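Let me begin by presenting the structure, written as structure tokens, before commenting on it.
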Amino acid sequence: MRYAINREIVRPDPELTALFADLAVADVCDVLGRNAALPSALKPLGRDQLLGTAYTVNLPASENLLLYYAVDNALPGDVLVVSCAGYTERAVTGEIMANLALRRGLAGFVIDGAVRDAAALRQLDFPVYARAVSPNGPYKGACGAVNVPVAMGNAVINPGDIILGDADGLVAVRPQEAQEAADRARGLAEDGQAKLARIAREGKLDYAWLYKKLESGGCVLR
């Protein structure tokens, strides 16, 4: 079969996704084992705040036919998460498709490959993360799949995962892990704010734990 399209996906409750609206990607990554981030090569062009549900597309290098299908069939709030075999010398999308996705209410693009029309994308109120920029255009003749698990670096993104992005990068959260992850990440954020307040107030932090760790590890301070 040249094309595999799964039309139906299970999306998380919008209230579950909304739990991440005020959370930082770094805090979420920390509570997910400090190894959950999508590849650091994926950078935002312009707007970097992204939150939505993964609608995945697996493309062969240089091809984008099924990306058109995805833009036309994804629902408002979906993030197109597109694997392009990591190929960066041919763009799979640009200004026209991003504008269409914006008008359709999609939440953003995550392209593990290249995009073009970079200047226009940086001005658009629509988050586009990509690995590279290339002026070369795509072909439309090969196979691909929609709404299947896709791999990006060490991360596997499933249709329906919650995608969160900010200036630090991106993370995908399984819906079944979302409530606990959001609660723990919020606790980390509150702890971070308390530390910043103490620094502002006293100019220091309590590092007793550091010296205990050094001592227990046999470190000799000279």
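Residues in the structure tokens are named by chain (A, B, ... in the order shown) and by number from 1 within that chain; ligands are numbered from 1 in the order shown.
The protein and nucleic acid residues lying at most 12 Å from segment 190-205 of chain A are Asp22, Leu23, Ala24, Ala26, Asp27, Asp183 and Arg184 of chain A, with only C-alpha atoms considered and sequence neighbours fewer than 6 positions away removed.
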Those same residues - all heavy atoms - I'd like them written as a tab-separated table (two decimals), in the first residue's frame.
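This went into result.tsv:
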```tsv
chain	number	residue	atom	x	y	z
A	22	ASP	N	0.10	27.10	30.81
A	22	ASP	CA	0.97	28.02	31.54
A	22	ASP	C	2.24	27.33	32.04
A	22	ASP	O	2.92	27.85	32.92
A	22	ASP	CB	0.23	28.65	32.72
A	22	ASP	CG	-0.24	27.61	33.74
A	22	ASP	OD1	-0.29	26.41	33.40
A	22	ASP	OD2	-0.56	28.00	34.88
A	23	LEU	N	2.58	26.18	31.47
A	23	LEU	CA	3.75	25.43	31.92
A	23	LEU	C	4.91	25.57	30.93
A	23	LEU	O	4.71	25.78	29.74
A	23	LEU	CB	3.40	23.95	32.10
A	23	LEU	CG	2.39	23.64	33.20
A	23	LEU	CD1	2.09	22.15	33.24
A	23	LEU	CD2	2.90	24.11	34.56
A	24	ALA	N	6.12	25.45	31.45
A	24	ALA	CA	7.32	25.53	30.63
A	24	ALA	C	7.71	24.14	30.16
A	24	ALA	O	7.60	23.16	30.90
A	24	ALA	CB	8.46	26.15	31.44
A	26	ALA	N	10.65	23.02	29.79
A	26	ALA	CA	11.74	22.50	30.63
A	26	ALA	C	11.20	21.79	31.86
A	26	ALA	O	11.71	20.72	32.25
A	26	ALA	CB	12.68	23.64	31.03
A	27	ASP	N	10.19	22.36	32.51
A	27	ASP	CA	9.63	21.72	33.70
A	27	ASP	C	8.95	20.41	33.35
A	27	ASP	O	9.06	19.41	34.08
A	27	ASP	CB	8.63	22.67	34.38
A	27	ASP	CG	9.32	23.84	35.07
A	27	ASP	OD1	10.50	23.71	35.43
A	27	ASP	OD2	8.67	24.88	35.23
A	183	ASP	N	0.66	18.28	36.99
A	183	ASP	CA	0.69	18.58	38.44
A	183	ASP	C	2.12	18.70	38.94
A	183	ASP	O	2.46	19.64	39.68
A	183	ASP	CB	-0.05	17.49	39.22
A	183	ASP	CG	-1.55	17.50	38.98
A	183	ASP	OD1	-2.06	18.52	38.45
A	183	ASP	OD2	-2.21	16.50	39.31
A	184	ARG	N	2.98	17.76	38.55
A	184	ARG	CA	4.36	17.79	39.02
A	184	ARG	C	5.13	18.96	38.42
A	184	ARG	O	5.95	19.59	39.09
A	184	ARG	CB	5.04	16.46	38.69
A	184	ARG	CG	4.50	15.28	39.47
A	184	ARG	CD	5.18	13.98	39.06
A	184	ARG	NE	6.62	14.05	39.29
A	184	ARG	CZ	7.52	13.30	38.68
A	184	ARG	NH1	7.13	12.44	37.74
A	184	ARG	NH2	8.80	13.40	38.97
```
Mind listing the strand (DSSP E or B) residues of segment 81-212 of chain A, per DSSP on the backbone, as a VMD selection string?
chain A and resid 81 to 83 91 108 to 115 128 to 133 139 144 to 146 150 to 152 155 to 157 162 to 166 169 to 173
Would you output that residue set with N, CA, C and O atoms, as a compact mmCIF listing (two decimals), in the first residue's frame?
```
# COMPACT_ATOMS: atom_id res chain seq x y z
N VAL A 81 2.44 17.11 13.20
CA VAL A 81 3.76 16.63 13.60
C VAL A 81 4.26 15.78 12.45
O VAL A 81 3.76 14.69 12.20
N VAL A 82 5.26 16.29 11.72
CA VAL A 82 5.62 15.74 10.42
C VAL A 82 7.05 15.22 10.43
O VAL A 82 8.01 16.00 10.62
N SER A 83 7.20 13.93 10.23
CA SER A 83 8.52 13.32 10.10
C SER A 83 8.89 13.25 8.62
O SER A 83 8.12 12.73 7.81
N ALA A 91 12.28 21.63 1.15
CA ALA A 91 11.18 22.02 2.04
C ALA A 91 9.92 21.22 1.73
O ALA A 91 9.65 20.88 0.58
N GLY A 108 -0.43 24.52 14.96
CA GLY A 108 0.96 24.73 14.59
C GLY A 108 1.50 23.58 13.77
O GLY A 108 0.83 22.57 13.54
N PHE A 109 2.75 23.76 13.32
CA PHE A 109 3.49 22.74 12.58
C PHE A 109 4.75 22.38 13.36
O PHE A 109 5.46 23.28 13.86
N VAL A 110 5.06 21.10 13.40
CA VAL A 110 6.37 20.63 13.86
C VAL A 110 6.93 19.78 12.72
O VAL A 110 6.41 18.69 12.44
N ILE A 111 7.94 20.28 12.04
CA ILE A 111 8.46 19.67 10.82
C ILE A 111 9.88 19.16 11.07
O ILE A 111 10.81 19.96 11.21
N ASP A 112 10.03 17.85 11.14
CA ASP A 112 11.38 17.28 11.30
C ASP A 112 12.01 17.16 9.91
O ASP A 112 12.24 16.08 9.38
N GLY A 113 12.27 18.31 9.35
CA GLY A 113 12.78 18.46 8.00
C GLY A 113 12.89 19.94 7.72
O GLY A 113 13.11 20.74 8.63
N ALA A 114 12.68 20.34 6.47
CA ALA A 114 12.86 21.73 6.09
C ALA A 114 11.55 22.40 5.69
O ALA A 114 10.61 21.75 5.25
N VAL A 115 11.53 23.73 5.86
CA VAL A 115 10.44 24.57 5.37
C VAL A 115 11.05 25.68 4.52
O VAL A 115 12.28 25.84 4.48
N VAL A 128 5.59 27.60 13.82
CA VAL A 128 6.17 26.62 12.91
C VAL A 128 7.57 26.28 13.45
O VAL A 128 8.45 27.15 13.48
N TYR A 129 7.74 25.05 13.87
CA TYR A 129 9.06 24.55 14.27
C TYR A 129 9.59 23.70 13.12
O TYR A 129 8.85 22.90 12.55
N ALA A 130 10.87 23.85 12.83
CA ALA A 130 11.47 23.05 11.75
C ALA A 130 12.94 22.82 12.04
O ALA A 130 13.57 23.53 12.83
N ARG A 131 13.48 21.81 11.37
CA ARG A 131 14.90 21.49 11.52
C ARG A 131 15.77 22.39 10.66
O ARG A 131 16.92 22.67 11.00
N ALA A 132 15.24 22.88 9.53
CA ALA A 132 16.06 23.65 8.60
C ALA A 132 15.17 24.48 7.68
O ALA A 132 13.94 24.32 7.66
N VAL A 133 15.81 25.35 6.91
CA VAL A 133 15.15 26.13 5.86
C VAL A 133 15.85 25.81 4.55
O VAL A 133 17.08 25.80 4.47
N TYR A 139 8.39 17.20 -3.89
CA TYR A 139 7.71 16.39 -4.89
C TYR A 139 6.41 15.85 -4.30
O TYR A 139 6.17 15.96 -3.10
N GLY A 144 3.46 7.42 1.97
CA GLY A 144 3.53 8.06 3.28
C GLY A 144 2.39 7.56 4.14
O GLY A 144 1.61 6.70 3.72
N ALA A 145 2.29 8.09 5.36
CA ALA A 145 1.25 7.64 6.29
C ALA A 145 0.78 8.80 7.15
O ALA A 145 1.56 9.70 7.48
N VAL A 146 -0.49 8.76 7.51
CA VAL A 146 -1.09 9.78 8.36
C VAL A 146 -1.64 9.12 9.62
O VAL A 146 -2.29 8.07 9.56
N VAL A 150 5.30 8.40 14.95
CA VAL A 150 6.46 8.90 14.23
C VAL A 150 7.60 9.14 15.23
O VAL A 150 7.36 9.52 16.37
N ALA A 151 8.81 8.89 14.77
CA ALA A 151 9.98 9.07 15.61
C ALA A 151 10.69 10.35 15.25
O ALA A 151 10.89 10.67 14.08
N MET A 152 11.09 11.10 16.29
CA MET A 152 11.92 12.29 16.12
C MET A 152 13.01 12.22 17.17
O MET A 152 12.73 12.40 18.36
N ALA A 155 12.48 10.58 20.69
CA ALA A 155 11.06 10.65 21.05
C ALA A 155 10.20 9.96 19.99
O ALA A 155 10.47 10.05 18.79
N VAL A 156 9.16 9.29 20.45
CA VAL A 156 8.13 8.74 19.58
C VAL A 156 6.84 9.49 19.88
O VAL A 156 6.39 9.53 21.03
N ILE A 157 6.25 10.07 18.85
CA ILE A 157 5.02 10.84 19.02
C ILE A 157 3.87 10.05 18.43
O ILE A 157 3.92 9.62 17.27
N ILE A 162 -0.22 15.17 23.50
CA ILE A 162 -0.23 16.62 23.73
C ILE A 162 1.14 17.18 23.38
O ILE A 162 2.17 16.69 23.88
N ILE A 163 1.18 18.19 22.51
CA ILE A 163 2.42 18.80 22.06
C ILE A 163 2.54 20.19 22.68
O ILE A 163 1.64 21.02 22.52
N LEU A 164 3.65 20.41 23.37
CA LEU A 164 3.90 21.70 24.02
C LEU A 164 5.22 22.25 23.50
O LEU A 164 6.21 21.53 23.42
N GLY A 165 5.21 23.53 23.12
CA GLY A 165 6.43 24.17 22.64
C GLY A 165 6.61 25.56 23.21
O GLY A 165 5.62 26.27 23.47
N ASP A 166 7.85 25.94 23.45
CA ASP A 166 8.17 27.31 23.83
C ASP A 166 9.58 27.62 23.31
O ASP A 166 10.12 26.88 22.47
N GLY A 169 12.12 24.69 23.35
CA GLY A 169 11.97 23.52 22.51
C GLY A 169 10.60 22.90 22.62
O GLY A 169 9.62 23.59 22.93
N LEU A 170 10.53 21.59 22.42
CA LEU A 170 9.26 20.88 22.30
C LEU A 170 9.26 19.61 23.14
O LEU A 170 10.29 18.97 23.33
N VAL A 171 8.05 19.23 23.58
CA VAL A 171 7.88 17.96 24.28
C VAL A 171 6.51 17.40 23.92
O VAL A 171 5.56 18.15 23.68
N ALA A 172 6.44 16.06 23.85
CA ALA A 172 5.17 15.37 23.62
C ALA A 172 4.81 14.61 24.89
O ALA A 172 5.65 13.94 25.49
N VAL A 173 3.55 14.71 25.28
CA VAL A 173 3.07 14.09 26.52
C VAL A 173 1.94 13.13 26.20
O VAL A 173 0.97 13.51 25.53
```
Please give the complete set of residues from segment 52-181 of chain A that DSSP, run on the backbone, assigns to helix (DSSP H, G or I), formatted as a VMD selection string.
chain A and resid 65 to 73 95 to 103 118 to 123 175 to 181
Given the selection you just returned, output its residues as a file containing N, CA and C atoms, formatted as a PDB file, in the first residue's frame.
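Result went into part_32.pdb, see below:
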```
ATOM      1  N   LEU A  65       2.929  15.141  -0.386  1.00  0.00           N
ATOM      2  CA  LEU A  65       1.540  14.967  -0.829  1.00  0.00           C
ATOM      3  C   LEU A  65       0.582  14.804   0.345  1.00  0.00           C
ATOM      4  N   LEU A  66       0.938  13.964   1.305  1.00  0.00           N
ATOM      5  CA  LEU A  66       0.021  13.705   2.416  1.00  0.00           C
ATOM      6  C   LEU A  66      -0.044  14.862   3.405  1.00  0.00           C
ATOM      7  N   LEU A  67       0.868  15.796   3.307  1.00  0.00           N
ATOM      8  CA  LEU A  67       0.760  16.982   4.149  1.00  0.00           C
ATOM      9  C   LEU A  67      -0.439  17.829   3.731  1.00  0.00           C
ATOM     10  N   TYR A  68      -0.734  17.847   2.432  1.00  0.00           N
ATOM     11  CA  TYR A  68      -1.942  18.532   1.967  1.00  0.00           C
ATOM     12  C   TYR A  68      -3.186  17.878   2.569  1.00  0.00           C
ATOM     13  N   TYR A  69      -3.206  16.557   2.555  1.00  0.00           N
ATOM     14  CA  TYR A  69      -4.339  15.850   3.154  1.00  0.00           C
ATOM     15  C   TYR A  69      -4.469  16.219   4.636  1.00  0.00           C
ATOM     16  N   ALA A  70      -3.348  16.258   5.346  1.00  0.00           N
ATOM     17  CA  ALA A  70      -3.383  16.541   6.774  1.00  0.00           C
ATOM     18  C   ALA A  70      -3.921  17.946   7.056  1.00  0.00           C
ATOM     19  N   VAL A  71      -3.462  18.935   6.300  1.00  0.00           N
ATOM     20  CA  VAL A  71      -3.952  20.299   6.510  1.00  0.00           C
ATOM     21  C   VAL A  71      -5.458  20.381   6.257  1.00  0.00           C
ATOM     22  N   ASP A  72      -5.945  19.601   5.313  1.00  0.00           N
ATOM     23  CA  ASP A  72      -7.359  19.649   4.956  1.00  0.00           C
ATOM     24  C   ASP A  72      -8.242  18.840   5.899  1.00  0.00           C
ATOM     25  N   ASN A  73      -7.658  17.917   6.650  1.00  0.00           N
ATOM     26  CA  ASN A  73      -8.466  17.019   7.461  1.00  0.00           C
ATOM     27  C   ASN A  73      -8.222  17.100   8.964  1.00  0.00           C
ATOM     28  N   GLU A  95       4.763  29.242   3.285  1.00  0.00           N
ATOM     29  CA  GLU A  95       3.808  30.301   3.634  1.00  0.00           C
ATOM     30  C   GLU A  95       2.370  29.941   3.293  1.00  0.00           C
ATOM     31  N   ILE A  96       2.109  29.396   2.129  1.00  0.00           N
ATOM     32  CA  ILE A  96       0.727  29.147   1.704  1.00  0.00           C
ATOM     33  C   ILE A  96       0.055  28.117   2.604  1.00  0.00           C
ATOM     34  N   MET A  97       0.719  26.992   2.833  1.00  0.00           N
ATOM     35  CA  MET A  97       0.111  25.951   3.648  1.00  0.00           C
ATOM     36  C   MET A  97      -0.036  26.399   5.107  1.00  0.00           C
ATOM     37  N   ALA A  98       0.927  27.170   5.609  1.00  0.00           N
ATOM     38  CA  ALA A  98       0.835  27.664   6.983  1.00  0.00           C
ATOM     39  C   ALA A  98      -0.341  28.626   7.132  1.00  0.00           C
ATOM     40  N   ASN A  99      -0.556  29.486   6.153  1.00  0.00           N
ATOM     41  CA  ASN A  99      -1.706  30.398   6.212  1.00  0.00           C
ATOM     42  C   ASN A  99      -3.021  29.635   6.171  1.00  0.00           C
ATOM     43  N   LEU A 100      -3.079  28.597   5.344  1.00  0.00           N
ATOM     44  CA  LEU A 100      -4.294  27.781   5.295  1.00  0.00           C
ATOM     45  C   LEU A 100      -4.537  27.096   6.631  1.00  0.00           C
ATOM     46  N   ALA A 101      -3.476  26.549   7.224  1.00  0.00           N
ATOM     47  CA  ALA A 101      -3.616  25.887   8.516  1.00  0.00           C
ATOM     48  C   ALA A 101      -4.070  26.872   9.591  1.00  0.00           C
ATOM     49  N   LEU A 102      -3.543  28.077   9.556  1.00  0.00           N
ATOM     50  CA  LEU A 102      -3.954  29.109  10.509  1.00  0.00           C
ATOM     51  C   LEU A 102      -5.437  29.414  10.366  1.00  0.00           C
ATOM     52  N   ARG A 103      -5.893  29.597   9.137  1.00  0.00           N
ATOM     53  CA  ARG A 103      -7.306  29.906   8.910  1.00  0.00           C
ATOM     54  C   ARG A 103      -8.209  28.748   9.327  1.00  0.00           C
ATOM     55  N   ALA A 118      10.806  31.509   4.818  1.00  0.00           N
ATOM     56  CA  ALA A 118      11.143  31.747   6.218  1.00  0.00           C
ATOM     57  C   ALA A 118      10.755  33.139   6.701  1.00  0.00           C
ATOM     58  N   ALA A 119      10.993  34.151   5.889  1.00  0.00           N
ATOM     59  CA  ALA A 119      10.681  35.515   6.311  1.00  0.00           C
ATOM     60  C   ALA A 119       9.185  35.669   6.583  1.00  0.00           C
ATOM     61  N   ALA A 120       8.354  35.098   5.712  1.00  0.00           N
ATOM     62  CA  ALA A 120       6.905  35.181   5.896  1.00  0.00           C
ATOM     63  C   ALA A 120       6.461  34.388   7.123  1.00  0.00           C
ATOM     64  N   LEU A 121       7.040  33.222   7.327  1.00  0.00           N
ATOM     65  CA  LEU A 121       6.660  32.409   8.480  1.00  0.00           C
ATOM     66  C   LEU A 121       7.018  33.099   9.789  1.00  0.00           C
ATOM     67  N   ARG A 122       8.109  33.848   9.792  1.00  0.00           N
ATOM     68  CA  ARG A 122       8.503  34.563  11.018  1.00  0.00           C
ATOM     69  C   ARG A 122       7.530  35.676  11.359  1.00  0.00           C
ATOM     70  N   GLN A 123       6.806  36.183  10.368  1.00  0.00           N
ATOM     71  CA  GLN A 123       5.834  37.250  10.600  1.00  0.00           C
ATOM     72  C   GLN A 123       4.438  36.720  10.902  1.00  0.00           C
ATOM     73  N   PRO A 175      -1.435  11.274  26.748  1.00  0.00           N
ATOM     74  CA  PRO A 175      -2.617  11.694  27.516  1.00  0.00           C
ATOM     75  C   PRO A 175      -2.743  10.985  28.860  1.00  0.00           C
ATOM     76  N   GLN A 176      -2.351   9.707  28.929  1.00  0.00           N
ATOM     77  CA  GLN A 176      -2.483   8.969  30.178  1.00  0.00           C
ATOM     78  C   GLN A 176      -1.490   9.434  31.238  1.00  0.00           C
ATOM     79  N   GLU A 177      -0.446  10.161  30.815  1.00  0.00           N
ATOM     80  CA  GLU A 177       0.540  10.708  31.752  1.00  0.00           C
ATOM     81  C   GLU A 177       0.323  12.192  32.029  1.00  0.00           C
ATOM     82  N   ALA A 178      -0.629  12.794  31.335  1.00  0.00           N
ATOM     83  CA  ALA A 178      -0.727  14.243  31.314  1.00  0.00           C
ATOM     84  C   ALA A 178      -1.088  14.847  32.663  1.00  0.00           C
ATOM     85  N   GLN A 179      -2.074  14.306  33.355  1.00  0.00           N
ATOM     86  CA  GLN A 179      -2.502  14.902  34.614  1.00  0.00           C
ATOM     87  C   GLN A 179      -1.363  14.925  35.629  1.00  0.00           C
ATOM     88  N   GLU A 180      -0.704  13.783  35.807  1.00  0.00           N
ATOM     89  CA  GLU A 180       0.402  13.722  36.758  1.00  0.00           C
ATOM     90  C   GLU A 180       1.558  14.611  36.322  1.00  0.00           C
ATOM     91  N   ALA A 181       1.864  14.600  35.024  1.00  0.00           N
ATOM     92  CA  ALA A 181       2.966  15.431  34.533  1.00  0.00           C
ATOM     93  C   ALA A 181       2.682  16.909  34.751  1.00  0.00           C
TER      94      ALA A 181
END
```
So that I can check the surroundings of Asp30 of chain A, please list as a list of chain:residue names every protein, DNA and RNA residue that reaches within 9 Å of it, counting only C-alpha atoms and ignoring chain neighbours fewer than 5 positions away.
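Returned residues: A:Val25, A:Asn35, A:Ala36, A:Ala185, A:Leu188.
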Atom CA of Glu89 of chain A and atom CA of Asn64 of chain A are how many Å apart?
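A separation of 13.4 Å between them.
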Do you have the atom CA of Thr56 of chain A-atom CA of Val79 of chain A distance handy?
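These two atoms are separated by 8.0 Å.
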Separating atom CA of Leu51 of chain A from atom CA of Gly77 of chain A, to the nearest tenth of an Å, is a gap of 8.0 Å
What's the 8 Å shell around segment 1-11 of chain A, counting only C-alpha atoms, without same-chain residues fewer than 3 positions away, as a ChimeraX atom specification?
/A:53,142-148,159-161
Counting only C-alpha atoms, what is within 8 Å of Pro127 of chain A, bar same-chain residues fewer than 6 positions away, as a list in words?
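The residues that qualify are Pro44, Leu45, Gly46, Arg47, Asp48, Gln49, Leu50, Ala107, Gly108 and Phe109 of chain A.
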How about saving the chosen residues, N, CA, C and O atoms kept, as a PDB file, in the first residue's frame?
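This went into out.pdb:
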```pdb
ATOM      1  N   PRO A  44      11.863  27.234  16.371  1.00  0.00           N
ATOM      2  CA  PRO A  44      10.709  27.998  15.895  1.00  0.00           C
ATOM      3  C   PRO A  44      11.114  29.094  14.932  1.00  0.00           C
ATOM      4  O   PRO A  44      12.153  29.730  15.091  1.00  0.00           O
ATOM      5  N   LEU A  45      10.279  29.297  13.919  1.00  0.00           N
ATOM      6  CA  LEU A  45      10.419  30.458  13.046  1.00  0.00           C
ATOM      7  C   LEU A  45       9.354  31.451  13.498  1.00  0.00           C
ATOM      8  O   LEU A  45       8.174  31.279  13.212  1.00  0.00           O
ATOM      9  N   GLY A  46       9.752  32.454  14.229  1.00  0.00           N
ATOM     10  CA  GLY A  46       8.769  33.407  14.725  1.00  0.00           C
ATOM     11  C   GLY A  46       8.140  32.927  16.024  1.00  0.00           C
ATOM     12  O   GLY A  46       8.832  32.580  16.976  1.00  0.00           O
ATOM     13  N   ARG A  47       6.828  32.874  16.048  1.00  0.00           N
ATOM     14  CA  ARG A  47       6.103  32.535  17.273  1.00  0.00           C
ATOM     15  C   ARG A  47       6.538  31.174  17.817  1.00  0.00           C
ATOM     16  O   ARG A  47       6.621  30.201  17.071  1.00  0.00           O
ATOM     17  N   ASP A  48       6.830  31.121  19.133  1.00  0.00           N
ATOM     18  CA  ASP A  48       7.327  29.878  19.699  1.00  0.00           C
ATOM     19  C   ASP A  48       6.373  29.225  20.699  1.00  0.00           C
ATOM     20  O   ASP A  48       6.658  28.138  21.200  1.00  0.00           O
ATOM     21  N   GLN A  49       5.269  29.850  21.020  1.00  0.00           N
ATOM     22  CA  GLN A  49       4.322  29.264  21.964  1.00  0.00           C
ATOM     23  C   GLN A  49       3.371  28.340  21.220  1.00  0.00           C
ATOM     24  O   GLN A  49       2.613  28.782  20.353  1.00  0.00           O
ATOM     25  N   LEU A  50       3.411  27.059  21.571  1.00  0.00           N
ATOM     26  CA  LEU A  50       2.630  26.066  20.848  1.00  0.00           C
ATOM     27  C   LEU A  50       1.996  25.101  21.839  1.00  0.00           C
ATOM     28  O   LEU A  50       2.644  24.639  22.783  1.00  0.00           O
ATOM     29  N   ALA A 107      -3.169  24.328  15.320  1.00  0.00           N
ATOM     30  CA  ALA A 107      -2.386  24.948  16.394  1.00  0.00           C
ATOM     31  C   ALA A 107      -0.930  25.164  16.035  1.00  0.00           C
ATOM     32  O   ALA A 107      -0.236  25.916  16.731  1.00  0.00           O
ATOM     33  N   GLY A 108      -0.430  24.518  14.965  1.00  0.00           N
ATOM     34  CA  GLY A 108       0.955  24.726  14.592  1.00  0.00           C
ATOM     35  C   GLY A 108       1.503  23.579  13.772  1.00  0.00           C
ATOM     36  O   GLY A 108       0.830  22.568  13.539  1.00  0.00           O
ATOM     37  N   PHE A 109       2.747  23.760  13.324  1.00  0.00           N
ATOM     38  CA  PHE A 109       3.490  22.740  12.583  1.00  0.00           C
ATOM     39  C   PHE A 109       4.749  22.382  13.356  1.00  0.00           C
ATOM     40  O   PHE A 109       5.458  23.275  13.861  1.00  0.00           O
TER      41      PHE A 109
END
```
